[in-house]
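Shown next: data-v1.cif, containing mmCIF, C-alpha atoms.
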data_structure
loop_
_atom_site.label_atom_id
_atom_site.label_comp_id
_atom_site.auth_asym_id
_atom_site.auth_seq_id
_atom_site.Cartn_x
_atom_site.Cartn_y
_atom_site.Cartn_z
CA MET A 1 -85.55 -64.04 15.02
CA LYS A 2 -82.08 -64.86 16.30
CA ARG A 3 -82.05 -67.98 14.18
CA GLN A 4 -82.85 -66.03 11.01
CA TYR A 5 -80.06 -63.60 11.84
CA VAL A 6 -77.52 -66.45 12.10
CA VAL A 7 -78.68 -67.99 8.81
CA GLY A 8 -78.28 -64.62 7.03
CA ILE A 9 -74.78 -64.24 8.31
CA GLY A 10 -73.92 -67.74 7.14
CA LEU A 11 -75.24 -67.16 3.63
CA ALA A 12 -73.34 -63.87 3.39
CA ALA A 13 -70.16 -65.63 4.45
CA LEU A 14 -70.61 -68.32 1.83
CA LEU A 15 -71.05 -65.72 -0.87
CA CYS A 16 -68.02 -63.68 0.21
CA VAL A 17 -65.60 -66.57 0.57
CA PRO A 18 -65.01 -67.08 -3.23
CA VAL A 19 -64.50 -63.36 -3.72
CA ILE A 20 -62.05 -63.14 -0.86
CA LEU A 21 -60.15 -66.20 -2.10
CA LYS A 22 -59.96 -64.77 -5.60
CA VAL A 23 -58.61 -61.47 -4.31
CA THR A 24 -56.17 -62.89 -1.83
CA ARG A 25 -55.00 -65.84 -3.90
CA SER A 26 -51.74 -65.01 -5.70
CA GLU A 27 -50.95 -66.44 -9.14
CA PRO A 28 -47.79 -68.56 -9.38
CA ALA A 29 -44.68 -66.67 -10.43
CA LYS A 30 -43.74 -66.99 -14.08
CA LYS A 31 -40.28 -68.37 -14.68
CA VAL A 32 -38.34 -66.07 -17.03
CA GLU A 33 -34.82 -65.50 -18.32
CA ILE A 34 -32.99 -62.39 -17.19
CA GLU A 35 -30.13 -60.51 -18.84
CA ARG A 36 -28.59 -57.34 -17.53
CA ILE A 37 -28.38 -54.73 -20.27
CA ALA A 38 -24.79 -53.89 -21.20
CA PHE A 39 -22.74 -52.14 -23.85
CA HIS A 40 -22.07 -53.81 -27.21
CA ASP A 41 -20.80 -52.79 -30.64
CA ILE A 42 -23.72 -53.16 -33.06
CA LYS A 43 -23.21 -53.14 -36.81
CA SER A 44 -26.24 -52.98 -39.06
CA SER A 45 -25.72 -54.85 -42.32
CA ILE A 46 -27.32 -56.14 -45.50
CA LEU A 47 -26.57 -59.41 -47.28
CA ALA A 48 -25.81 -59.85 -50.97
CA SER A 49 -24.44 -62.54 -53.26
CA GLY A 50 -21.96 -62.27 -56.10
CA HIS A 51 -18.71 -63.60 -57.54
CA LEU A 52 -15.00 -62.84 -57.78
CA LEU A 53 -13.39 -61.29 -60.84
CA TYR A 54 -10.34 -59.32 -61.92
CA GLU A 55 -10.82 -55.58 -62.18
CA GLU A 56 -8.13 -55.34 -64.89
CA GLN A 57 -9.00 -58.04 -67.40
CA VAL A 58 -9.00 -58.04 -71.20
CA LEU A 59 -10.64 -60.60 -73.49
CA LEU A 60 -8.71 -60.56 -76.78
CA SER A 61 -10.49 -61.14 -80.06
CA PRO A 62 -9.14 -60.72 -83.62
CA GLU A 63 -9.80 -57.63 -85.71
CA VAL A 64 -9.04 -59.46 -88.97
CA ILE A 65 -9.72 -62.95 -90.25
CA GLY A 66 -6.76 -65.29 -90.42
CA LYS A 67 -5.40 -68.69 -89.52
CA VAL A 68 -3.18 -68.83 -86.42
CA SER A 69 0.32 -69.56 -87.72
CA THR A 70 2.45 -69.00 -84.62
CA MET A 71 1.74 -68.93 -80.87
CA PHE A 72 4.32 -67.17 -78.69
CA VAL A 73 2.74 -67.65 -75.23
CA LYS A 74 1.10 -70.32 -73.12
CA GLU A 75 -1.55 -70.27 -70.41
CA GLY A 76 -0.28 -68.95 -67.08
CA GLN A 77 2.58 -66.99 -68.65
CA LYS A 78 3.17 -63.40 -67.56
CA VAL A 79 3.38 -60.81 -70.31
CA THR A 80 4.17 -57.12 -70.57
CA LYS A 81 2.16 -54.54 -72.47
CA GLY A 82 3.20 -54.62 -76.14
CA ASP A 83 4.57 -58.19 -76.13
CA LEU A 84 3.84 -60.26 -79.26
CA LEU A 85 1.37 -63.01 -78.33
CA MET A 86 0.46 -64.71 -81.61
CA HIS A 87 0.73 -64.28 -85.35
CA LEU A 88 -1.98 -64.84 -87.96
CA ASP A 89 -1.31 -65.89 -91.55
CA ASP A 90 -0.67 -62.59 -93.40
CA GLN A 91 0.00 -63.62 -97.01
CA THR A 92 -3.28 -62.18 -98.29
CA TYR A 93 -2.76 -58.89 -96.44
CA ARG A 94 0.83 -58.59 -97.68
CA ALA A 95 -0.44 -59.05 -101.25
CA GLU A 96 -3.01 -56.28 -100.71
CA VAL A 97 -0.31 -53.95 -99.40
CA ALA A 98 1.92 -54.68 -102.42
CA GLN A 99 -1.01 -54.07 -104.79
CA GLN A 100 -1.86 -50.72 -103.28
CA GLU A 101 1.78 -49.62 -103.15
CA ALA A 102 2.01 -50.31 -106.89
CA ALA A 103 -1.13 -48.20 -107.37
CA VAL A 104 0.62 -45.36 -105.51
CA ARG A 105 3.63 -45.58 -107.83
CA GLN A 106 1.37 -45.54 -110.89
CA GLN A 107 -0.43 -42.50 -109.62
CA ARG A 108 2.82 -40.64 -109.02
CA ILE A 109 3.87 -41.40 -112.60
CA ALA A 110 0.50 -40.07 -113.78
CA ILE A 111 1.15 -36.87 -111.83
CA GLU A 112 4.51 -36.44 -113.53
CA GLN A 113 2.79 -36.84 -116.90
CA GLN A 114 0.19 -34.24 -115.93
CA GLN A 115 2.92 -31.85 -114.85
CA LEU A 116 4.69 -32.23 -118.23
CA ASN A 117 1.42 -31.74 -120.08
CA LEU A 118 0.65 -28.59 -118.08
CA ALA A 119 4.10 -27.17 -118.81
CA ASN A 120 3.66 -27.92 -122.53
CA GLN A 121 0.23 -26.28 -122.65
CA GLU A 122 1.53 -23.18 -120.87
CA ASN A 123 4.43 -22.85 -123.39
CA GLN A 124 2.05 -23.21 -126.33
CA TYR A 125 -0.24 -20.59 -124.83
CA LYS A 126 2.67 -18.13 -124.51
CA ARG A 127 3.69 -18.63 -128.15
CA LYS A 128 0.12 -18.17 -129.37
CA VAL A 129 -0.15 -14.96 -127.38
CA GLU A 130 2.93 -13.58 -129.21
CA LEU A 131 1.53 -14.65 -132.56
CA HIS A 132 -1.81 -13.07 -131.69
CA LYS A 133 -0.08 -9.80 -130.98
CA MET A 134 1.36 -9.90 -134.51
CA LYS A 135 -2.13 -10.61 -135.89
CA MET A 136 -1.02 -13.98 -137.18
CA ILE A 137 -3.70 -16.13 -135.41
CA ALA A 138 -7.35 -15.58 -134.67
CA ASP A 139 -8.87 -14.89 -131.25
CA SER A 140 -10.42 -18.33 -131.12
CA ALA A 141 -6.96 -19.94 -131.14
CA ILE A 142 -6.04 -17.96 -128.01
CA ASP A 143 -9.23 -19.13 -126.32
CA ASP A 144 -8.47 -22.75 -127.18
CA ALA A 145 -4.94 -22.44 -125.82
CA ARG A 146 -6.19 -20.90 -122.57
CA TYR A 147 -8.77 -23.69 -122.20
CA ALA A 148 -6.09 -26.35 -122.71
CA VAL A 149 -3.96 -24.82 -119.91
CA GLU A 150 -6.88 -24.77 -117.45
CA LEU A 151 -7.83 -28.33 -118.37
CA ALA A 152 -4.24 -29.50 -117.75
CA LYS A 153 -4.31 -27.87 -114.29
CA ILE A 154 -7.58 -29.65 -113.42
CA ASP A 155 -6.17 -32.97 -114.56
CA LEU A 156 -3.12 -32.41 -112.36
CA ARG A 157 -5.25 -31.64 -109.28
CA ASN A 158 -7.37 -34.72 -110.00
CA SER A 159 -4.24 -36.91 -110.19
CA ARG A 160 -2.96 -35.54 -106.88
CA SER A 161 -6.33 -36.24 -105.27
CA ARG A 162 -6.24 -39.83 -106.51
CA LEU A 163 -2.73 -40.12 -105.06
CA GLU A 164 -4.07 -39.12 -101.63
CA GLN A 165 -6.80 -41.73 -102.01
CA VAL A 166 -4.46 -44.60 -102.81
CA ASP A 167 -2.11 -43.47 -100.01
CA ALA A 168 -5.04 -43.80 -97.60
CA ILE A 169 -5.81 -47.27 -98.95
CA VAL A 170 -2.16 -48.25 -98.40
CA LYS A 171 -2.39 -47.13 -94.77
CA GLN A 172 -5.63 -49.06 -94.36
CA VAL A 173 -4.28 -52.35 -95.71
CA SER A 174 -1.03 -51.82 -93.78
CA GLU A 175 -3.04 -51.53 -90.58
CA ARG A 176 -4.86 -54.75 -91.41
CA LEU A 177 -1.50 -56.37 -91.99
CA ALA A 178 -0.22 -55.11 -88.62
CA LYS A 179 -3.30 -56.58 -86.91
CA THR A 180 -2.16 -60.07 -87.86
CA ASN A 181 0.35 -59.62 -85.01
CA ILE A 182 -1.63 -59.88 -81.76
CA ARG A 183 0.06 -57.90 -78.97
CA ALA A 184 -0.69 -57.59 -75.26
CA PRO A 185 -2.82 -54.50 -74.51
CA ILE A 186 -1.97 -54.64 -70.78
CA SER A 187 0.61 -56.24 -68.52
CA GLY A 188 -0.64 -59.33 -66.72
CA THR A 189 -1.03 -63.08 -66.85
CA ILE A 190 -2.55 -65.27 -69.55
CA THR A 191 -5.49 -66.71 -67.62
CA ALA A 192 -7.17 -68.47 -70.57
CA LEU A 193 -6.01 -69.52 -74.05
CA ASN A 194 -8.97 -70.32 -76.27
CA ILE A 195 -7.39 -70.99 -79.68
CA LYS A 196 -4.67 -73.22 -81.10
CA VAL A 197 -2.21 -73.06 -83.98
CA GLY A 198 -3.98 -73.95 -87.23
CA GLU A 199 -7.41 -72.72 -86.14
CA THR A 200 -8.96 -69.76 -87.93
CA ALA A 201 -9.59 -66.58 -85.97
CA VAL A 202 -12.77 -64.81 -87.08
CA ALA A 203 -13.30 -61.10 -86.44
CA SER A 204 -16.57 -59.86 -84.93
CA GLN A 205 -19.21 -58.51 -87.27
CA VAL A 206 -22.66 -57.01 -86.90
CA SER A 207 -24.84 -59.56 -85.03
CA ILE A 208 -22.05 -62.17 -85.36
CA ALA A 209 -19.71 -62.85 -82.44
CA GLY A 210 -16.06 -63.31 -83.30
CA SER A 211 -13.51 -65.79 -82.03
CA SER A 212 -12.12 -65.53 -78.50
CA LEU A 213 -8.33 -65.72 -78.56
CA MET A 214 -7.18 -65.41 -74.93
CA THR A 215 -7.75 -63.59 -71.67
CA ILE A 216 -5.13 -61.41 -69.98
CA ALA A 217 -5.66 -60.24 -66.41
CA ASN A 218 -3.74 -58.43 -63.72
CA THR A 219 -4.03 -61.01 -60.93
CA ASP A 220 -3.26 -58.36 -58.30
CA THR A 221 -6.59 -56.63 -58.97
CA MET A 222 -9.03 -59.24 -57.65
CA ILE A 223 -12.38 -57.70 -56.63
CA THR A 224 -15.87 -58.91 -55.79
CA GLU A 225 -19.01 -57.93 -57.67
CA VAL A 226 -22.16 -58.40 -55.59
CA ASN A 227 -25.81 -57.84 -56.46
CA VAL A 228 -27.63 -55.50 -54.07
CA ASP A 229 -31.41 -55.25 -54.30
CA GLU A 230 -32.90 -51.85 -55.07
CA ALA A 231 -34.61 -51.84 -51.66
CA ASP A 232 -31.19 -51.82 -49.94
CA ILE A 233 -29.09 -49.77 -52.36
CA GLY A 234 -29.90 -46.51 -50.53
CA LYS A 235 -28.02 -47.78 -47.45
CA VAL A 236 -24.81 -48.56 -49.35
CA ALA A 237 -22.00 -45.99 -49.62
CA ILE A 238 -18.45 -46.04 -50.95
CA GLY A 239 -15.90 -46.99 -48.30
CA GLN A 240 -18.21 -49.14 -46.16
CA GLU A 241 -16.72 -52.27 -44.60
CA VAL A 242 -17.65 -55.62 -46.15
CA ALA A 243 -17.16 -59.19 -44.94
CA ILE A 244 -16.87 -61.64 -47.85
CA HIS A 245 -17.35 -65.40 -47.54
CA THR A 246 -16.41 -67.47 -50.59
CA ALA A 247 -17.90 -70.87 -51.34
CA ALA A 248 -14.42 -72.40 -51.23
CA TYR A 249 -13.63 -70.91 -47.79
CA PRO A 250 -17.04 -70.38 -46.11
CA ASP A 251 -15.63 -70.08 -42.58
CA VAL A 252 -12.95 -67.51 -43.43
CA PRO A 253 -14.26 -63.93 -43.73
CA ILE A 254 -12.30 -61.74 -46.10
CA LYS A 255 -12.26 -58.03 -45.37
CA GLY A 256 -13.21 -55.62 -48.14
CA VAL A 257 -14.52 -52.13 -48.77
CA VAL A 258 -17.15 -50.82 -51.20
CA LEU A 259 -15.22 -49.57 -54.23
CA ALA A 260 -17.89 -48.42 -56.71
CA ILE A 261 -21.68 -48.13 -56.95
CA PRO A 262 -23.24 -48.04 -60.44
CA LEU A 263 -25.68 -45.30 -61.37
CA SER A 264 -28.01 -47.64 -63.25
CA PRO A 265 -29.34 -51.07 -62.26
CA LYS A 266 -28.75 -54.34 -63.98
CA GLN A 267 -31.94 -56.02 -65.12
CA ASN A 268 -31.98 -59.65 -64.09
CA ALA A 269 -34.26 -62.55 -64.83
CA GLY A 270 -37.36 -62.72 -62.72
CA PRO A 271 -41.15 -62.53 -62.86
CA GLN A 272 -42.25 -60.81 -66.02
CA GLY A 273 -44.18 -57.57 -65.71
CA GLN A 274 -46.29 -55.83 -68.29
CA GLY A 275 -44.59 -55.69 -71.65
CA GLY A 276 -42.40 -58.70 -70.84
CA ALA A 277 -39.81 -56.70 -68.85
CA SER A 278 -38.51 -58.06 -65.56
CA MET A 279 -39.50 -55.97 -62.53
CA ALA A 280 -36.54 -57.11 -60.42
CA ARG A 281 -33.67 -54.64 -60.24
CA ASN A 282 -30.21 -55.24 -58.80
CA TYR A 283 -27.15 -53.03 -58.59
CA ASN A 284 -23.75 -54.60 -59.19
CA ILE A 285 -21.59 -53.21 -56.37
CA LYS A 286 -17.82 -53.58 -56.72
CA VAL A 287 -15.98 -54.48 -53.52
CA LYS A 288 -12.20 -54.22 -53.19
CA LEU A 289 -10.49 -57.00 -51.23
CA ALA A 290 -8.43 -55.44 -48.45
CA ASP A 291 -6.74 -58.68 -47.36
CA SER A 292 -7.08 -62.07 -49.04
CA LYS A 293 -5.31 -63.78 -46.09
CA GLY A 294 -3.20 -65.83 -48.47
CA LEU A 295 -6.19 -67.80 -49.76
CA THR A 296 -6.15 -69.19 -53.28
CA LEU A 297 -8.89 -67.13 -54.88
CA ARG A 298 -9.90 -67.58 -58.49
CA PRO A 299 -12.17 -65.53 -60.74
CA GLY A 300 -15.70 -66.85 -61.03
CA MET A 301 -15.88 -68.13 -57.45
CA THR A 302 -19.27 -67.45 -55.92
CA CYS A 303 -19.46 -65.63 -52.61
CA ARG A 304 -21.80 -63.92 -50.21
CA ALA A 305 -21.09 -60.48 -48.81
CA GLU A 306 -22.22 -58.76 -45.63
CA ILE A 307 -22.12 -55.00 -46.15
CA PHE A 308 -22.00 -53.10 -42.86
CA THR A 309 -24.12 -50.00 -43.48
CA SER A 310 -23.91 -48.38 -40.03
CA SER A 311 -22.32 -48.86 -36.61
CA SER A 312 -23.44 -47.74 -33.16
CA GLY A 313 -20.07 -48.10 -31.48
CA LYS A 314 -20.28 -49.13 -27.81
CA SER A 315 -23.95 -48.68 -26.94
CA LEU A 316 -26.62 -50.25 -24.75
CA SER A 317 -28.21 -53.23 -26.43
CA LEU A 318 -30.51 -56.16 -25.80
CA PRO A 319 -31.33 -59.37 -27.62
CA LEU A 320 -33.91 -58.77 -30.30
CA GLN A 321 -36.54 -61.02 -28.69
CA ALA A 322 -36.54 -58.90 -25.50
CA VAL A 323 -38.00 -55.88 -27.34
CA LEU A 324 -41.77 -55.96 -27.83
CA SER A 325 -44.06 -53.66 -29.77
CA ASN A 326 -47.74 -52.75 -29.85
CA ASN A 327 -47.60 -52.76 -33.65
CA ASP A 328 -48.25 -56.37 -34.64
CA GLU A 329 -50.81 -58.37 -36.57
CA SER A 330 -53.03 -58.90 -33.51
CA THR A 331 -53.45 -55.20 -32.76
CA GLU A 332 -57.05 -54.18 -33.37
CA LEU A 333 -57.82 -50.65 -34.57
CA ALA A 334 -60.95 -49.01 -33.15
CA PRO A 335 -63.33 -47.31 -35.60
CA LYS A 336 -63.50 -43.52 -35.62
CA LYS A 337 -66.62 -41.87 -34.34
CA GLY A 338 -69.03 -41.05 -37.15
CA ASP A 339 -67.09 -43.11 -39.70
CA LYS A 340 -66.85 -46.83 -39.06
CA LYS A 341 -64.79 -47.43 -42.21
CA LYS A 342 -61.86 -45.37 -40.94
CA LYS A 343 -59.74 -46.71 -38.09
CA ILE A 344 -57.93 -44.86 -35.33
CA GLU A 345 -54.20 -45.09 -35.89
CA VAL A 346 -52.26 -46.46 -32.94
CA LYS A 347 -48.93 -44.81 -32.19
CA THR A 348 -46.20 -47.41 -32.41
CA GLU A 349 -44.49 -47.99 -29.07
CA ASN A 350 -41.71 -50.37 -28.14
CA HIS A 351 -41.22 -51.70 -24.65
CA VAL A 352 -39.28 -54.15 -22.52
CA PHE A 353 -40.00 -55.77 -19.17
CA VAL A 354 -37.60 -55.24 -16.26
CA ASN A 355 -37.51 -57.50 -13.20
CA LYS A 356 -38.33 -55.06 -10.38
CA ASP A 357 -38.26 -56.88 -7.05
CA GLY A 358 -39.90 -59.97 -8.54
CA LYS A 359 -42.44 -58.00 -10.54
CA ALA A 360 -42.48 -57.39 -14.31
CA GLU A 361 -42.19 -53.64 -14.87
CA LYS A 362 -43.07 -52.41 -18.37
CA ARG A 363 -40.81 -49.67 -19.70
CA LEU A 364 -41.12 -47.83 -22.99
CA VAL A 365 -37.83 -47.68 -24.90
CA THR A 366 -36.43 -45.83 -27.91
CA LEU A 367 -34.68 -48.03 -30.46
CA GLY A 368 -31.61 -47.46 -32.58
CA ILE A 369 -29.99 -49.74 -35.14
CA SER A 370 -29.88 -53.52 -34.94
CA ASP A 371 -27.96 -56.49 -36.26
CA ASP A 372 -28.84 -60.18 -36.47
CA SER A 373 -29.04 -60.64 -32.70
CA GLN A 374 -28.81 -57.31 -30.85
CA GLN A 375 -31.02 -54.20 -30.74
CA GLN A 376 -29.61 -50.82 -29.74
CA ILE A 377 -31.52 -49.09 -26.91
CA LEU A 378 -31.32 -45.29 -26.89
CA SER A 379 -33.49 -44.57 -23.84
CA GLY A 380 -35.83 -46.20 -21.33
CA VAL A 381 -33.35 -48.39 -19.48
CA VAL A 382 -29.87 -47.96 -18.03
CA ALA A 383 -26.84 -50.19 -17.91
CA GLY A 384 -27.23 -53.02 -15.43
CA ASP A 385 -31.04 -53.19 -15.45
CA PRO A 386 -32.24 -56.83 -15.27
CA VAL A 387 -34.28 -57.11 -18.45
CA ILE A 388 -36.53 -60.09 -19.10
CA THR A 389 -35.39 -61.70 -22.36
CA GLY A 390 -37.41 -64.90 -22.53
CA PRO A 391 -38.67 -67.40 -23.10
CA TYR A 392 -40.64 -65.73 -25.85
CA LYS A 393 -43.72 -67.86 -25.25
CA THR A 394 -43.94 -66.36 -21.76
CA LEU A 395 -42.67 -62.92 -22.70
CA ARG A 396 -45.33 -62.23 -25.33
CA HIS A 397 -48.13 -62.74 -22.76
CA LEU A 398 -46.38 -60.96 -19.89
CA LYS A 399 -48.17 -57.98 -18.32
CA HIS A 400 -47.07 -55.12 -16.11
CA GLY A 401 -47.07 -56.23 -12.48
CA ASP A 402 -46.91 -59.98 -13.14
CA THR A 403 -44.90 -61.95 -10.61
CA VAL A 404 -41.74 -63.39 -12.14
CA THR A 405 -38.87 -65.53 -10.99
CA SER A 406 -35.58 -66.53 -12.58
CA ASP A 407 -32.74 -68.93 -11.97
CA SER A 408 -30.04 -66.59 -10.67
CA ALA A 409 -27.35 -69.04 -11.72
CA ALA A 410 -28.55 -68.88 -15.32
CA ALA A 411 -29.00 -65.08 -15.40
CA LYS A 412 -26.60 -63.49 -17.85
CA SER A 413 -24.48 -60.45 -17.16
CA LYS A 414 -22.74 -59.45 -20.37
CA THR A 415 -20.23 -56.64 -20.52
#

I'd like the structure from this file rewritten - as structure tokens, please.
Amino acid sequence: MKRQYVVGIGLAALLCVPVILKVTRSEPAKKVEIERIAFHDIKSSILASGHLLYEEQVLLSPEVIGKVSTMFVKEGQKVTKGDLLMHLDDQTYRAEVAQQEAAVRQQRIAIEQQQLNLANQENQYKRKVELHKMKMIADSAIDDARYAVELAKIDLRNSRSRLEQVDAIVKQVSERLAKTNIRAPISGTITALNIKVGETAVASQVSIAGSSLMTIANTDTMITEVNVDEADIGKVAIGQEVAIHTAAYPDVPIKGVVLAIPLSPKQNAGPQGQGGASMARNYNIKVKLADSKGLTLRPGMTCRAEIFTSSSGKSLSLPLQAVLSNNDESTELAPKKGDKKKKIEVKTENHVFVNKDGKAEKRLVTLGISDDSQQQILSGVVAGDPVITGPYKTLRHLKHGDTVTSDSAAAKSKT
């Protein structure tokens, strides 16, 4: 009996040993990276691409057809509004003006003739009235005389109307003649000269593009035009700060501010939707350069712009990888009772892990804005808390209460 009792105790001990070892055995501490949460200035931004151009720029084209006879400027020359830039051959237009001026003189002579005729008909009518009173002419003669007077008045009004018509034609051809002198519409610099003496300038017509003469621009009005996607346009406002990086000077940020936001989008090439129309929509935002830093900037240069849409000021922040969420692709949604097709929605929660005496302590946090590297923390942690920031491979599998360790020499303490 005693022997059986000893054997039972031995078997019980053998069965309990693995359980006791499993309970008492501690898992090795996970090596993590620690960073004490501190205050940073976070600026949320969106990226866009575009190019440089002059805000005040005019592309001159002729309004009449003519051969360039004289050129008074050269590329790079500064001009003032109203300066004569070039002259087109005007012999044909001068001939038209002379022809119409002669027509005006002829019409004025015709008016003088009509005035004499009217005066003559009125005198004859007066004499016939006197003769009619003396019963020397019939009533029909008086009617004829009255009709002749009225007809002379109509002819005179018609001649005066024709005079107004030919005067208008003279003004029209004179304007065409004046347009053979190309003058500067604004003050600026000749940035491009696209025609030479002897070449024919052709005016624009319906569905036919005309000749390009030259481009005048105010070089002090350099701006940037960037394309912002419709998904981000709601975050952009006039006056926001912009950092511009040109292709020629990629490492030198140029400060700018949002100058104008269009009301309608610009349709750009992209995947074709139904009806052949592109579904992509961009808004061309104009950005004023606050300081060019003495760089040699030229219109047409490509650039990328970082538009800062909001700023947190000095606020608590952490590296983006330190903030975890229960809303990811691996989260499984449980089916609702009575309806397996519908899933129970999981409330999105964000959390971080804090090193609490060598243990990972899970804390729920409230997030604010973020930039490319930092995430603003509104609540859940306080300044100085040692937050576990990595490595991500370890962080994503970390659980509340896990034993952690860190290299104190490598721990960061940013202020």

Hey, which of A:Gln107, A:Pro319, A:Ile369, A:His51 ends up closest to Asn158 in chain A? Count all atoms listed in the file.
A:Gln107

Applying 6 Å and all atoms listed in the file, which residues near Met214 in chain A remain after dropping the ones on its own chain fewer than 2 positions away? List them as a PyMOL selection string.
chain A and resi 60+192-194

So how many Å separate CA of Asn284 in chain A and CA of Val258 in chain A, to one decimal?
11.0 Å

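The smallest atom-to-atom distance between Gly300 in chain A and any of A:Ser373, A:Thr224, A:Thr180, A:Gln321, using all atoms listed in the file, is found for A:Thr224.
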
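Between Ile190 in chain A and the candidates A:Ile109, A:Ile42, A:Ala217, A:Leu116, the tightest atom-to-atom separation, counting all atoms listed in the file, involves A:Ala217.
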
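The smallest atom-to-atom distance between Thr405 in chain A and any of A:Glu63, A:Asp372, A:Glu199, A:Asp357, using all atoms listed in the file, is found for A:Asp357.
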
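When all atoms listed in the file are used to measure the gap to Thr200 in chain A, the shortest distance among A:Ala305, A:Leu213, A:Ile34, A:Leu52 belongs to A:Leu213.
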
Arg363 in chain A surroundings by all atoms listed in the file, 10 Å radius, close-in-sequence under 5 positions cut, as a VMD selection string:
chain A and resid 350 to 354 379 to 381 387 400

Just C-alpha atoms for this one: save the residues we selected as a PDB file, in the coordinates of the input.
ATOM      1  CA  ASN A 350     -41.710 -50.370 -28.140  1.00  0.00           C
ATOM      2  CA  HIS A 351     -41.220 -51.700 -24.650  1.00  0.00           C
ATOM      3  CA  VAL A 352     -39.280 -54.150 -22.520  1.00  0.00           C
ATOM      4  CA  PHE A 353     -40.000 -55.770 -19.170  1.00  0.00           C
ATOM      5  CA  VAL A 354     -37.600 -55.240 -16.260  1.00  0.00           C
ATOM      6  CA  SER A 379     -33.490 -44.570 -23.840  1.00  0.00           C
ATOM      7  CA  GLY A 380     -35.830 -46.200 -21.330  1.00  0.00           C
ATOM      8  CA  VAL A 381     -33.350 -48.390 -19.480  1.00  0.00           C
ATOM      9  CA  VAL A 387     -34.280 -57.110 -18.450  1.00  0.00           C
ATOM     10  CA  HIS A 400     -47.070 -55.120 -16.110  1.00  0.00           C
TER      11      HIS A 400
END

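Across the model, the gap from CA of Glu112 in chain A to CA of Ala168 in chain A is 20.0 Å.
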